[in-house]
Amino acid sequence: MTDLPEPGPVRELKDLRADVAGRAPEELHRARALLLAEIKTMGTNDDAPRPAFPSRGTSRLRSTSWLLGTAAAAAVLTVSLLPGPAAHQARMGTSPSAPASQASAPAVLTAAYVLNQAASAAAASSRPVPRPGQFIYVTSVTTYVSSEVLPSGKEKSWLYRTKRQIWQSVDGQRAGLLQIVDRGNVKLPWGPVPPADSGNSSSWTSLPASSCPGTAPARGTYAFLASLPTDPGQLRSWLYQHANGGNKPDAQAWTDIGDMLREMLVPPKLAAALFRVAGTIPGATVVPHATNAVGRAGVAVSRSGMELIFDPRTYQLIGEGGVLTKATPGVGPAGTVIASTAQLKETVVDHLPKIPPSRVDKSGGGVTC
Amino acid sequence: MHKPATLGREGRPPDADRRTDDATLIARSRAEPEAFAAIFDRHATDIHRYAARRLGAGPAEDVVGETFLVAFRRRDRYDLSHRNAAPWLFGIATNMISRHRQAEVRLYRALARVGVDPAVESPADEVVARVAATGQRRALAAALARLKAADRDTLLLVDWAELTYDQAALALGVPVGTVRSRLNRARRKIREALDDINSLPAEEHHHD
């Protein structure tokens, strides 16, 4: 209750900033693309795990998360039609024995088709075969989310970009080495301005040995990968029985495959089998126009926002991408690109580079033999 | 058998039937998510203008994007007895705008301090804004910056977004009596700020 008469509208207030115009719906590209991407991806993200990103301070030594390309959310909107005949597999009810033509593309690009192409390409590729005692050397460019919790308890996130060089002991019995060169922070579309980054600062970290002589090589080493079955059926069984995390089985299998492919020289037959297994995991979709972290165009297969990006002609793996499938407080709405990588080179070397010990940090977690 | 999605299908524009009310479209979107795009096309401009008035054009598009994502995800909980979705959408937008509260207050304070609208997009606009900058306008902006957030939300939903009291109550999830008392308080403060200015000598007036 009030003693004063009820005040009417203040005309001057109604006029304040009244000349501000609203944009037409078709001019609100970013907002509209986000909504349409959400509409399109509906129903495929019900078991989306929150991707575990390497945090800046701790576990960024080896990216334990999937990579991502700068695939804009809008890319999800496009349904790509391949040129050429619509050579579908035999329809239900017609001659089940009709041989499906593997060489013809389906009318609509499917994740299974892309992954099978990638498998064929991998199987036909040749890779150096390292010896125990050597190192797998990989260079890559990555963009990931970095977060910091403010004193208020709110999370503040941005993207940080790095260039990485990693030397990993083939059998895990020797220490490896990792160099990370900062390439600066980038604002998330809906996020705050990130802290200034010194730019081009470099850090070296020694990676401890993970395996002891006379024992089986640790998961994550080349020697371990070389010991896995290369028959897709057997590999699939192995993957589902040895899930390396607590997500639902299909989600975990997809994540584990990404982990095995990342920053590694993968034996060609194993890579082929991994792609074939990935092609059997339900819920994967195609992102026809994806881009890796160095701007190379590709075609991606995506499950719960975790993308593997392939060269659209050779079907070589060229990077990973990551997109939020659900709004995440402090990070952004669905469609926000939260990871992008490009694997630039993988090869075998005999020695670690000579870096003055004073410049090398030690990371913990190794084995004591 | 699945019904075909209606969005952008040949021969049928997405929002051909303007008489289809929002509630019908939202109900349809529960089975055919594409139908929700028409809700965007109907309301995005109004939400954008409102957000741009409070925050400037850049953050406004963020607000529009967030608003419709949230609305889409909550479409199952929309009360279909409300045929017009505008109050619901403005309510969500209000929450999204509140995440930019500091930017909003900064904008009003900048406007209050120099009379120049920091959110205008071109130098030509800026000149216009500068010329139009009167003491009144500055006092208004300063008063807006000083209002409590809930009062400002209510005031601007009614005076800028032009919602009725009932719609504003729906948008904010408060009783209409609360809308009324917030409006009273906010308008009184705004008017006091104007009265203060008007009681001063006309030093701010332009001479031709």
# chains A, B, ... in the order shown; residues from 1 in each chain; ligands from 1
>>> interface_residues(of="chain A", to="chain B", cutoff="7 Å", atoms="only C-alpha atoms", output="ChimeraX atom specification")
/A:6-7,9-10,13-14,16-17,20-25,28,31-32,34-35,39,190,333
>>> write_last_selection(atoms="N, CA and C atoms", output="PDB file, in the first residue's frame")
ATOM      1  N   GLU A   6      -0.511   6.519  -7.654  1.00  0.00           N
ATOM      2  CA  GLU A   6       0.248   5.591  -8.492  1.00  0.00           C
ATOM      3  C   GLU A   6       0.854   6.362  -9.658  1.00  0.00           C
ATOM      4  N   PRO A   7       2.186   6.328  -9.800  1.00  0.00           N
ATOM      5  CA  PRO A   7       2.787   7.105 -10.885  1.00  0.00           C
ATOM      6  C   PRO A   7       2.532   6.443 -12.234  1.00  0.00           C
ATOM      7  N   PRO A   9       3.329   6.077 -16.471  1.00  0.00           N
ATOM      8  CA  PRO A   9       4.575   5.910 -17.213  1.00  0.00           C
ATOM      9  C   PRO A   9       5.282   7.245 -17.408  1.00  0.00           C
ATOM     10  N   VAL A  10       6.594   7.186 -17.424  1.00  0.00           N
ATOM     11  CA  VAL A  10       7.391   8.384 -17.642  1.00  0.00           C
ATOM     12  C   VAL A  10       7.714   8.455 -19.131  1.00  0.00           C
ATOM     13  N   LEU A  13      11.268   8.308 -20.285  1.00  0.00           N
ATOM     14  CA  LEU A  13      11.907   6.994 -20.205  1.00  0.00           C
ATOM     15  C   LEU A  13      11.536   6.155 -21.423  1.00  0.00           C
ATOM     16  N   LYS A  14      10.297   6.224 -21.821  1.00  0.00           N
ATOM     17  CA  LYS A  14       9.880   5.454 -22.999  1.00  0.00           C
ATOM     18  C   LYS A  14      10.663   5.886 -24.236  1.00  0.00           C
ATOM     19  N   LEU A  16      13.777   6.993 -24.156  1.00  0.00           N
ATOM     20  CA  LEU A  16      15.216   6.768 -24.020  1.00  0.00           C
ATOM     21  C   LEU A  16      15.644   5.545 -24.834  1.00  0.00           C
ATOM     22  N   ARG A  17      16.605   5.738 -25.694  1.00  0.00           N
ATOM     23  CA  ARG A  17      17.122   4.661 -26.544  1.00  0.00           C
ATOM     24  C   ARG A  17      16.039   4.010 -27.394  1.00  0.00           C
ATOM     25  N   VAL A  20      16.914   2.517 -30.890  1.00  0.00           N
ATOM     26  CA  VAL A  20      17.630   1.256 -31.076  1.00  0.00           C
ATOM     27  C   VAL A  20      16.728   0.303 -31.851  1.00  0.00           C
ATOM     28  N   ALA A  21      17.258  -0.268 -32.919  1.00  0.00           N
ATOM     29  CA  ALA A  21      16.449  -1.152 -33.760  1.00  0.00           C
ATOM     30  C   ALA A  21      16.763  -2.617 -33.454  1.00  0.00           C
ATOM     31  N   GLY A  22      15.772  -3.456 -33.584  1.00  0.00           N
ATOM     32  CA  GLY A  22      15.996  -4.897 -33.465  1.00  0.00           C
ATOM     33  C   GLY A  22      16.317  -5.477 -34.833  1.00  0.00           C
ATOM     34  N   ARG A  23      17.185  -6.451 -34.859  1.00  0.00           N
ATOM     35  CA  ARG A  23      17.528  -7.058 -36.144  1.00  0.00           C
ATOM     36  C   ARG A  23      16.472  -8.065 -36.570  1.00  0.00           C
ATOM     37  N   ALA A  24      16.319  -8.183 -37.885  1.00  0.00           N
ATOM     38  CA  ALA A  24      15.407  -9.184 -38.435  1.00  0.00           C
ATOM     39  C   ALA A  24      15.932 -10.583 -38.101  1.00  0.00           C
ATOM     40  N   PRO A  25      15.041 -11.561 -37.988  1.00  0.00           N
ATOM     41  CA  PRO A  25      15.467 -12.912 -37.602  1.00  0.00           C
ATOM     42  C   PRO A  25      16.581 -13.449 -38.501  1.00  0.00           C
ATOM     43  N   LEU A  28      20.010 -12.345 -37.551  1.00  0.00           N
ATOM     44  CA  LEU A  28      20.558 -12.827 -36.280  1.00  0.00           C
ATOM     45  C   LEU A  28      21.184 -14.197 -36.523  1.00  0.00           C
ATOM     46  N   ALA A  31      22.598 -16.418 -33.507  1.00  0.00           N
ATOM     47  CA  ALA A  31      21.547 -16.905 -32.607  1.00  0.00           C
ATOM     48  C   ALA A  31      20.690 -17.955 -33.311  1.00  0.00           C
ATOM     49  N   ARG A  32      20.371 -17.705 -34.564  1.00  0.00           N
ATOM     50  CA  ARG A  32      19.509 -18.623 -35.289  1.00  0.00           C
ATOM     51  C   ARG A  32      20.232 -19.948 -35.539  1.00  0.00           C
ATOM     52  N   LEU A  34      22.499 -21.274 -33.760  1.00  0.00           N
ATOM     53  CA  LEU A  34      22.568 -22.030 -32.507  1.00  0.00           C
ATOM     54  C   LEU A  34      21.282 -22.809 -32.262  1.00  0.00           C
ATOM     55  N   LEU A  35      20.176 -22.131 -32.471  1.00  0.00           N
ATOM     56  CA  LEU A  35      18.898 -22.800 -32.237  1.00  0.00           C
ATOM     57  C   LEU A  35      18.727 -23.954 -33.226  1.00  0.00           C
ATOM     58  N   ILE A  39      18.186 -27.897 -32.574  1.00  0.00           N
ATOM     59  CA  ILE A  39      17.039 -28.649 -33.097  1.00  0.00           C
ATOM     60  C   ILE A  39      17.536 -29.895 -33.835  1.00  0.00           C
ATOM     61  N   TRP A 190      30.495 -16.506 -25.809  1.00  0.00           N
ATOM     62  CA  TRP A 190      29.598 -15.962 -24.795  1.00  0.00           C
ATOM     63  C   TRP A 190      30.369 -15.696 -23.509  1.00  0.00           C
ATOM     64  N   PRO A 333      26.423 -21.982 -24.412  1.00  0.00           N
ATOM     65  CA  PRO A 333      25.267 -22.778 -24.809  1.00  0.00           C
ATOM     66  C   PRO A 333      25.685 -23.938 -25.712  1.00  0.00           C
TER      67      PRO A 333
END
>>> residues_around(residues="stretch 311-323 of chain A", least_positions_apart="6", cutoff="6 Å", atoms="only C-alpha atoms", output="list of chain:residue names")
A:Leu67, A:Leu68, A:Gly69, A:Ala118, A:Asn292, A:Gly298, A:Val299, A:Gly305, A:Gly335, A:Thr336, A:Val337, A:Ile338, A:Ala339, A:Ser340, A:Thr341, A:Ala342, A:Gln343
>>> residues_around(residues="A:Glu346", least_positions_apart="5", cutoff="9 Å", atoms="only C-alpha atoms", output="PyMOL selection string")
chain A and resi 136-139+263-265
>>> atom_distance(atom1="atom CA of A:Ser126", atom2="atom CA of A:Pro267")
8.7 Å
>>> select_by_dssp(residues="stretch 202-368 of chain A", states="strand (DSSP E)", output="number ranges by chain")
A: 202-207, 285-291, 297-303, 306-310, 317-323, 337-349, 360-362
>>> atom_distance(atom1="atom CA of A:Arg164", atom2="atom CA of A:Thr142")
7.6 Å
>>> atom_distance(atom1="atom CA of A:Pro213", atom2="atom CA of A:Arg174")
10.0 Å
>>> select_by_dssp(residues="stretch 182-261 of chain A", states="helix (DSSP H, G or I)", output="VMD selection string")
chain A and resid 222 to 226 232 to 241 249 to 261
>>> closest_residue(among="A:Asp256, A:Ser202, A:Arg296, A:Val277", to="A:Gln234", atoms="only C-alpha atoms")
A:Val277
>>> residues_around(residues="A:Pro130", least_positions_apart="4", cutoff="10 Å", atoms="only C-alpha atoms", output="list in words")
Gln134, Phe135, Ile136, Val170, Asp171, Tyr222, Ala223, Leu265, Pro267, Thr347, Val348, Val349 and Asp350 of chain A
